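Trainee: Next comes the structure file run16.csv, holding CSV, C-alpha atoms and all ligand atoms.
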chain,number,residue,atom,x,y,z
A,1,MET,CA,0.0,0.0,0.0
A,2,LYS,CA,1.1,3.5,-0.7
A,3,LEU,CA,-0.3,6.7,0.7
A,4,LEU,CA,-0.1,9.8,-1.5
A,5,GLY,CA,-0.2,12.9,0.7
A,6,SER,CA,1.5,16.0,2.1
A,7,VAL,CA,2.9,16.8,5.5
A,8,PRO,CA,0.9,19.9,6.2
A,9,SER,CA,-2.4,18.3,4.9
A,10,PRO,CA,-4.7,17.7,7.9
A,11,TYR,CA,-6.7,15.0,6.1
A,12,THR,CA,-3.4,13.2,5.3
A,13,ARG,CA,-2.4,13.6,8.9
A,14,LYS,CA,-5.7,11.9,10.0
A,15,VAL,CA,-4.8,8.9,7.8
A,16,ARG,CA,-1.2,8.8,9.0
A,17,ILE,CA,-2.3,8.8,12.6
A,18,VAL,CA,-4.8,6.0,12.0
A,19,LEU,CA,-2.0,4.0,10.3
A,20,ALA,CA,0.3,4.5,13.2
A,21,GLU,CA,-2.3,3.7,15.9
A,22,LYS,CA,-3.3,0.5,14.1
A,23,LYS,CA,0.3,-0.4,13.4
A,24,ILE,CA,-0.3,-0.8,9.7
A,25,ASP,CA,2.8,-0.6,7.4
A,26,CYS,CA,2.3,1.7,4.5
A,27,ASP,CA,4.7,3.6,2.2
A,28,PHE,CA,4.2,7.4,2.2
A,29,GLU,CA,4.9,9.5,-0.9
A,30,VAL,CA,4.7,13.3,-0.8
A,31,ALA,CA,2.6,14.5,-3.7
A,32,ASP,CA,2.3,18.1,-4.8
A,33,VAL,CA,-1.4,18.7,-5.7
A,34,ASN,CA,-1.0,22.5,-6.3
A,35,PRO,CA,-0.4,22.3,-10.1
A,36,PRO,CA,-3.5,21.5,-12.1
A,37,GLU,CA,-1.7,18.6,-13.7
A,38,ASN,CA,-0.3,16.6,-10.9
A,39,PRO,CA,0.7,13.0,-10.1
A,40,VAL,CA,-2.5,12.3,-8.1
A,41,ASN,CA,-4.8,12.9,-11.0
A,42,ALA,CA,-3.9,9.6,-12.5
A,43,HIS,CA,-5.3,7.8,-9.5
A,44,ASN,CA,-7.9,10.2,-8.2
A,45,PRO,CA,-9.8,12.4,-10.7
A,46,LEU,CA,-10.3,15.0,-7.9
A,47,GLY,CA,-6.5,15.4,-7.7
A,48,LYS,CA,-6.6,15.6,-3.9
A,49,VAL,CA,-4.6,14.1,-1.1
A,50,PRO,CA,-4.8,11.8,0.8
A,51,THR,CA,-5.2,9.1,-1.8
A,52,LEU,CA,-4.4,5.5,-0.8
A,53,LEU,CA,-3.1,3.1,-3.4
A,54,LEU,CA,-3.9,-0.5,-2.6
A,55,ASP,CA,-1.6,-3.3,-3.8
A,56,GLU,CA,-4.2,-4.6,-6.3
A,57,GLY,CA,-4.4,-1.2,-8.0
A,58,THR,CA,-7.5,0.4,-6.5
A,59,ALA,CA,-7.1,4.0,-5.3
A,60,LEU,CA,-9.1,4.9,-2.2
A,61,PHE,CA,-10.3,8.5,-1.4
A,62,ASP,CA,-11.2,10.6,0.5
A,63,SER,CA,-9.8,10.4,4.0
A,64,ARG,CA,-13.1,9.2,5.5
A,65,VAL,CA,-13.3,6.3,3.2
A,66,ILE,CA,-9.6,5.5,3.8
A,67,VAL,CA,-9.9,5.5,7.6
A,68,GLU,CA,-12.9,3.3,7.4
A,69,PHE,CA,-11.0,0.9,5.3
A,70,LEU,CA,-8.0,0.9,7.5
A,71,ASP,CA,-10.0,0.4,10.7
A,72,SER,CA,-11.6,-2.7,9.2
A,73,VAL,CA,-8.4,-4.3,8.0
A,74,SER,CA,-6.9,-4.7,11.4
A,75,PRO,CA,-8.4,-5.4,14.8
A,76,ILE,CA,-5.7,-3.5,16.6
A,77,SER,CA,-6.9,-0.3,18.3
A,78,ARG,CA,-10.4,-0.2,16.8
A,79,LEU,CA,-11.2,3.5,16.2
A,80,ILE,CA,-14.7,3.3,14.8
A,81,PRO,CA,-17.3,1.5,17.0
A,82,ASP,CA,-19.4,-1.3,15.6
A,83,ASP,CA,-22.6,-0.3,17.3
A,84,ASN,CA,-24.7,1.8,14.9
A,85,ARG,CA,-25.5,4.7,17.2
A,86,GLU,CA,-21.9,4.9,18.5
A,87,ARG,CA,-20.5,4.8,15.1
A,88,VAL,CA,-22.7,7.6,13.9
A,89,ALA,CA,-21.7,9.7,16.9
A,90,VAL,CA,-18.0,9.2,16.1
A,91,ARG,CA,-18.6,10.0,12.5
A,92,ARG,CA,-20.5,13.1,13.3
A,93,TRP,CA,-17.5,14.3,15.3
A,94,GLU,CA,-15.4,13.6,12.2
A,95,ALA,CA,-17.8,15.5,10.0
A,96,LEU,CA,-17.7,18.4,12.4
A,97,ALA,CA,-13.9,18.5,12.5
A,98,ASP,CA,-13.5,17.9,8.7
A,99,GLY,CA,-16.2,20.4,7.9
A,100,SER,CA,-14.6,23.1,10.0
A,101,LEU,CA,-11.3,22.3,8.3
A,102,ASP,CA,-13.0,22.6,4.8
A,103,ALA,CA,-14.0,26.1,5.7
A,104,GLY,CA,-10.5,26.9,7.0
A,105,LEU,CA,-9.0,25.6,3.7
A,106,LEU,CA,-11.3,27.7,1.6
A,107,ILE,CA,-10.2,30.8,3.6
A,108,ARG,CA,-6.6,29.9,3.0
A,109,TYR,CA,-7.1,29.2,-0.8
A,110,GLU,CA,-8.9,32.6,-1.1
A,111,SER,CA,-6.0,34.3,0.7
A,112,LEU,CA,-3.6,32.9,-1.9
A,113,ARG,CA,-5.5,34.5,-4.8
A,114,PRO,CA,-4.5,38.0,-6.1
A,115,LYS,CA,-5.5,40.6,-3.6
A,116,ASN,CA,-7.9,42.4,-6.0
A,117,GLU,CA,-9.7,39.1,-6.7
A,118,GLN,CA,-10.3,38.2,-3.1
A,119,SER,CA,-13.8,38.4,-1.7
A,120,ALA,CA,-14.2,39.6,1.9
A,121,ALA,CA,-17.8,38.4,1.9
A,122,TRP,CA,-16.7,34.9,0.9
A,123,THR,CA,-13.9,34.8,3.4
A,124,GLY,CA,-16.2,36.1,6.1
A,125,LYS,CA,-18.8,33.4,5.4
A,126,GLN,CA,-16.2,30.6,5.7
A,127,ALA,CA,-14.8,32.2,8.9
A,128,GLY,CA,-18.2,32.0,10.4
A,129,LYS,CA,-18.4,28.3,9.6
A,130,LEU,CA,-14.9,27.7,11.1
A,131,LYS,CA,-15.6,29.7,14.2
A,132,ARG,CA,-19.0,28.1,14.8
A,133,GLY,CA,-17.4,24.7,14.2
A,134,LEU,CA,-14.7,25.3,16.8
A,135,ALA,CA,-17.3,26.6,19.2
A,136,MET,CA,-19.3,23.4,18.9
A,137,ILE,CA,-16.2,21.3,19.3
A,138,ALA,CA,-15.3,23.1,22.5
A,139,ALA,CA,-18.8,23.0,23.9
A,140,GLU,CA,-19.4,19.3,23.2
A,141,LEU,CA,-16.0,18.3,24.4
A,142,GLY,CA,-16.4,20.3,27.6
A,143,ASP,CA,-14.3,18.8,30.4
A,144,LYS,CA,-14.5,15.2,29.1
A,145,PRO,CA,-11.3,13.4,28.4
A,146,TRP,CA,-12.4,12.2,25.0
A,147,CYS,CA,-14.8,13.5,22.3
A,148,HIS,CA,-17.0,10.4,22.4
A,149,GLY,CA,-17.5,7.9,25.2
A,150,GLU,CA,-14.9,6.5,27.5
A,151,ARG,CA,-12.1,6.0,25.0
A,152,TYR,CA,-9.9,7.4,22.3
A,153,SER,CA,-11.5,7.1,18.8
A,154,LEU,CA,-11.5,8.5,15.3
A,155,ALA,CA,-13.4,11.4,16.8
A,156,ASP,CA,-10.4,12.5,18.8
A,157,ILE,CA,-8.1,12.0,15.8
A,158,ALA,CA,-10.3,14.1,13.5
A,159,VAL,CA,-10.6,16.9,16.1
A,160,GLY,CA,-6.9,16.9,16.8
A,161,CYS,CA,-6.0,17.2,13.1
A,162,CYS,CA,-8.4,20.1,12.8
A,163,LEU,CA,-6.9,21.9,15.7
A,164,GLY,CA,-3.3,21.3,14.6
A,165,TRP,CA,-3.9,22.6,11.1
A,166,VAL,CA,-5.9,25.7,12.3
A,167,GLU,CA,-3.0,26.5,14.7
A,168,PHE,CA,-0.5,26.0,11.9
A,169,ARG,CA,-2.2,28.2,9.2
A,170,LYS,CA,-4.4,30.5,11.4
A,171,PRO,CA,-7.0,31.0,8.7
A,172,GLY,CA,-8.9,34.3,9.3
A,173,GLY,CA,-6.6,34.8,12.3
A,174,VAL,CA,-8.6,32.2,14.3
A,175,ASP,CA,-6.8,31.4,17.6
A,176,TRP,CA,-8.5,28.5,19.4
A,177,ARG,CA,-5.9,28.4,22.2
A,178,ALA,CA,-6.7,31.9,23.3
A,179,GLU,CA,-10.4,31.2,23.2
A,180,TYR,CA,-10.9,27.6,24.5
A,181,PRO,CA,-8.7,26.4,27.4
A,182,ASN,CA,-10.4,23.0,27.2
A,183,LEU,CA,-9.1,22.6,23.6
A,184,GLU,CA,-5.6,23.5,24.7
A,185,ARG,CA,-5.7,20.8,27.4
A,186,PHE,CA,-7.2,18.3,24.9
A,187,TYR,CA,-4.6,19.0,22.1
A,188,GLY,CA,-1.8,18.9,24.6
A,189,LYS,CA,-2.9,15.4,25.7
A,190,LEU,CA,-3.2,14.2,22.1
A,191,MET,CA,0.3,15.4,21.3
A,192,GLU,CA,1.7,13.1,24.0
A,193,ARG,CA,0.8,10.2,21.7
A,194,PRO,CA,3.6,9.4,19.2
A,195,ALA,CA,1.1,9.1,16.4
A,196,PHE,CA,0.3,12.8,16.9
A,197,ALA,CA,3.7,14.1,17.7
A,198,ASP,CA,5.3,12.3,14.7
A,199,THR,CA,2.8,13.8,12.2
A,200,ALA,CA,2.6,17.4,13.6
A,201,PRO,CA,2.5,20.1,10.9
A,202,PRO,CA,5.7,22.0,10.4
A,203,LYS,CA,6.1,25.2,12.4
A,204,ALA,CA,4.5,28.0,10.6
B,1,LIG,C1,-10.4,16.7,1.5
B,1,LIG,C2,-9.0,16.5,0.9
B,1,LIG,C3,-8.4,17.9,0.5
B,1,LIG,O1,-9.1,18.9,0.4
B,1,LIG,C4,-10.6,14.4,2.4
B,1,LIG,O2,-9.6,13.7,2.1
B,1,LIG,O3,-11.1,14.2,3.5
B,1,LIG,N1,-12.6,15.7,1.9
B,1,LIG,C5,-11.2,15.4,1.5
B,1,LIG,N2,-7.1,17.8,0.4
B,1,LIG,C6,-6.3,19.0,0.0
B,1,LIG,C7,-5.0,19.0,0.7
B,1,LIG,S1,-5.2,19.4,2.3
B,1,LIG,O4,-5.4,18.4,3.1
B,1,LIG,O5,-4.9,20.7,2.6
B,1,LIG,C8,-6.1,18.9,-1.5
B,1,LIG,O6,-5.7,17.9,-2.0
B,1,LIG,N3,-6.2,20.1,-2.1
B,1,LIG,C9,-6.0,20.2,-3.5
B,1,LIG,C10,-7.2,20.7,-4.3
B,1,LIG,O7,-7.0,20.8,-5.5
B,1,LIG,O8,-8.3,20.9,-3.7
Go ahead and render the structure in this file as structure tokens.
Ligand code: GSF
Mentor:
Amino acid sequence: MKLLGSVPSPYTRKVRIVLAEKKIDCDFEVADVNPPENPVNAHNPLGKVPTLLLDEGTALFDSRVIVEFLDSVSPISRLIPDDNRERVAVRRWEALADGSLDAGLLIRYESLRPKNEQSAAWTGKQAGKLKRGLAMIAAELGDKPWCHGERYSLADIAVGCCLGWVEFRKPGGVDWRAEYPNLERFYGKLMERPAFADTAPPKA
């Protein structure tokens, strides 16, 4: 198996953390998806990372499909519960974290366009989504040790990748550490895990 990804990509980080927690061996190849014609297009028409190449040739995307596949191939450290209601709760956390990130990425992509083409209204709309997303994450986590239930799961991984990337890129100047002490505590605890520490985004 080979994972096409990039180090700063938060969705790639989610997959790399799942691989590490589940002790699954996988090659990692850095792929630059910035140019319209890029090496990922041949495997994934969307030209996005992460994309996972299976040994028999199938390419899996996006990160949600990849992590579901990885969790099912090894019984070590199950990260997505079997029970329907529990699974939906964990995947809802993932949708909240990934959706907040999606808004953050749109802010960043907009900021990279020529200044005179940037829309303050568009950026403001995405910033609203990101801020409401983080507010919900902080409120639903509260003082609990984990996002869902009594144990570490994909919910914590997804939220941690969202926090790590928002801190790295600071889209719209959002600073969750200043606003939410519980998220600071939570991210600090996640970073004690080698899977998190080893995949941290580069210092901005
Ligand atoms: C999002 C992947 C994505 O936007 C997933 O895998 O969960 N829903 C997808 N990846 C970005 C890189 S990133 O993580 O910052 C990407 O590939 N962008 C290139 C593009 O053309 O959008």
Trainee: Between atom CA of Arg91 of chain A and atom CA of Glu56 of chain A, what is the distance in Å, rounded to a tenth?
Mentor: 27.8 Å
Trainee: Extract, using all atoms listed in the file, all DNA, RNA and protein residues at most 10 Å from Cys147 of chain A, discarding same-chain residues fewer than 3 positions from it, and format them as a list of chain:residue names.
Mentor: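 Those residues are A:Ala89, A:Val90, A:Trp93, A:Ile137, A:Ala138, A:Glu140, A:Leu141, A:Gly142, A:Asp143, A:Lys144, A:Glu150, A:Arg151, A:Tyr152, A:Ser153, A:Leu154, A:Ala155, A:Asp156, A:Ile157, A:Ala158, A:Val159, A:Phe186.
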Trainee: Taking only C-alpha atoms and all ligand atoms into account, which of A:Gly124, A:Gly173, A:Pro81, A:Pro201 comes nearest ligand LIG 1 (chain B)?
Mentor: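 Looking only at the distances to ligand LIG 1 (chain B), the closest residue turns out to be A:Pro201.
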Trainee: Please compute the atom CA of Gln126 of chain A-atom CA of Leu60 of chain A distance, one decimal, in Å.
Mentor: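 Taking atom CA of Gln126 of chain A as the start and atom CA of Leu60 of chain A as the end point, the length is 27.8 Å.
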Trainee: Got a sec: who's within 10 Å of Val33 of chain A, counting all atoms listed in the file, leaving out chain neighbours fewer than 4 positions off, as a list in words?
Mentor: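 My list of contacting residues is Leu4, Gly5, Ser6, Glu37, Asn38, Pro39, Val40, Asn41, Leu46, Gly47, Lys48 and Val49 of chain A.
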Trainee: Selected residues, C-alpha atoms, written as a compact mmCIF listing (two decimals), in the frame of the given file, please.
Mentor:
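Output below, filename selection.txt:
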# COMPACT_ATOMS: atom_id res chain seq x y z
CA LEU A 4 -0.10 9.80 -1.50
CA GLY A 5 -0.20 12.90 0.70
CA SER A 6 1.50 16.00 2.10
CA GLU A 37 -1.70 18.60 -13.70
CA ASN A 38 -0.30 16.60 -10.90
CA PRO A 39 0.70 13.00 -10.10
CA VAL A 40 -2.50 12.30 -8.10
CA ASN A 41 -4.80 12.90 -11.00
CA LEU A 46 -10.30 15.00 -7.90
CA GLY A 47 -6.50 15.40 -7.70
CA LYS A 48 -6.60 15.60 -3.90
CA VAL A 49 -4.60 14.10 -1.10
Trainee: For Ile24 of chain A, find every residue with an atom within 10 Å (counting only C-alpha atoms), except residues of its own chain fewer than 2 positions away, and show them as a ChimeraX atom specification.
Mentor: /A:1,16,18-22,26,70-71,73-74,76
Trainee: Please identify the residues whose atoms come within 7 Å of ligand LIG 1 (chain B), using all atoms listed in the file, and report them as an MDAnalysis selection string.
Mentor: chainID A and resid 8:12 33:34 47:50 61:64 98 102 105
Trainee: Just checking: using all atoms listed in the file, which residue out of A:Arg78, A:Arg85, A:Leu53, A:Ala139 ends up closest to Pro181 of chain A?
Mentor: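 Of the candidates, the smallest distance to Pro181 of chain A is held by A:Ala139.
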Trainee: Could you check which of A:Leu3, A:Leu106, A:Thr51, A:Arg169 is closest to Glu29 of chain A, using all atoms listed in the file?
Mentor: A:Leu3
Trainee: How many Å separate atom CA of Glu192 of chain A from atom CA of Gly172 of chain A?
Mentor: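 Straight-line distance from atom CA of Glu192 of chain A to atom CA of Gly172 of chain A works out to 27.9 Å.
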Trainee: Residues near Leu130 of chain A, anyone? I mean within 9 Å using all atoms listed in the file, not counting same-chain ones fewer than 2 positions away, as number ranges by chain.
Mentor: A: 99-104, 125-128, 132-135, 171, 174
Trainee: What's the 10 Å shell around Gly164 of chain A, counting only C-alpha atoms, without same-chain residues fewer than 6 positions away, as a list in words?
Mentor: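 Near Gly164 of chain A, the qualifying residues are Pro8, Pro10, Arg13, Lys170, Tyr187, Met191, Phe196, Thr199, Ala200, Pro201 and Pro202 of chain A.
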Trainee: Could you please fill out segment 124-141 of chain A with N, CA, C and O atoms and send it back as a compact mmCIF listing (two decimals), keeping the file's coordinate frame?
Mentor:
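Result written to result.txt:
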# COMPACT_ATOMS: atom_id res chain seq x y z
N GLY A 124 -15.48 35.92 4.89
CA GLY A 124 -16.20 36.10 6.10
C GLY A 124 -17.23 34.96 6.36
O GLY A 124 -17.41 34.49 7.49
N LYS A 125 -17.85 34.51 5.27
CA LYS A 125 -18.80 33.40 5.40
C LYS A 125 -18.10 32.13 5.88
O LYS A 125 -18.58 31.43 6.77
N GLN A 126 -16.93 31.85 5.28
CA GLN A 126 -16.20 30.60 5.70
C GLN A 126 -15.66 30.79 7.12
O GLN A 126 -15.64 29.82 7.88
N ALA A 127 -15.26 32.01 7.48
CA ALA A 127 -14.80 32.20 8.90
C ALA A 127 -15.88 31.96 9.86
O ALA A 127 -15.64 31.43 10.95
N GLY A 128 -17.10 32.31 9.48
CA GLY A 128 -18.20 32.00 10.40
C GLY A 128 -18.41 30.55 10.59
O GLY A 128 -18.64 30.08 11.71
N LYS A 129 -18.27 29.78 9.50
CA LYS A 129 -18.40 28.30 9.60
C LYS A 129 -17.30 27.76 10.54
O LYS A 129 -17.54 26.93 11.41
N LEU A 130 -16.06 28.23 10.29
CA LEU A 130 -14.90 27.70 11.10
C LEU A 130 -15.13 28.08 12.57
O LEU A 130 -14.94 27.22 13.44
N LYS A 131 -15.51 29.31 12.84
CA LYS A 131 -15.60 29.70 14.20
C LYS A 131 -16.80 28.98 14.92
O LYS A 131 -16.67 28.55 16.07
N ARG A 132 -17.92 28.81 14.22
CA ARG A 132 -19.00 28.10 14.80
C ARG A 132 -18.64 26.59 15.01
O ARG A 132 -19.03 25.95 15.98
N GLY A 133 -17.87 26.06 14.06
CA GLY A 133 -17.40 24.70 14.20
C GLY A 133 -16.56 24.48 15.43
O GLY A 133 -16.78 23.56 16.23
N LEU A 134 -15.60 25.38 15.61
CA LEU A 134 -14.70 25.30 16.80
C LEU A 134 -15.49 25.48 18.08
O LEU A 134 -15.22 24.82 19.09
N ALA A 135 -16.46 26.39 18.03
CA ALA A 135 -17.30 26.60 19.20
C ALA A 135 -18.05 25.38 19.60
O ALA A 135 -18.15 25.01 20.79
N MET A 136 -18.57 24.67 18.59
CA MET A 136 -19.30 23.40 18.90
C MET A 136 -18.38 22.35 19.41
O MET A 136 -18.70 21.62 20.35
N ILE A 137 -17.22 22.25 18.79
CA ILE A 137 -16.20 21.30 19.30
C ILE A 137 -15.91 21.51 20.73
O ILE A 137 -15.94 20.60 21.56
N ALA A 138 -15.63 22.77 21.06
CA ALA A 138 -15.30 23.10 22.50
C ALA A 138 -16.42 22.85 23.40
O ALA A 138 -16.23 22.29 24.50
N ALA A 139 -17.63 23.20 22.98
CA ALA A 139 -18.80 23.00 23.90
C ALA A 139 -19.10 21.56 24.09
O ALA A 139 -19.39 21.12 25.21
N GLU A 140 -19.04 20.77 23.01
CA GLU A 140 -19.40 19.30 23.20
C GLU A 140 -18.30 18.54 23.84
O GLU A 140 -18.58 17.53 24.48
N LEU A 141 -17.07 19.00 23.71
CA LEU A 141 -16.00 18.30 24.40
C LEU A 141 -16.10 18.62 25.93
O LEU A 141 -15.99 17.73 26.77
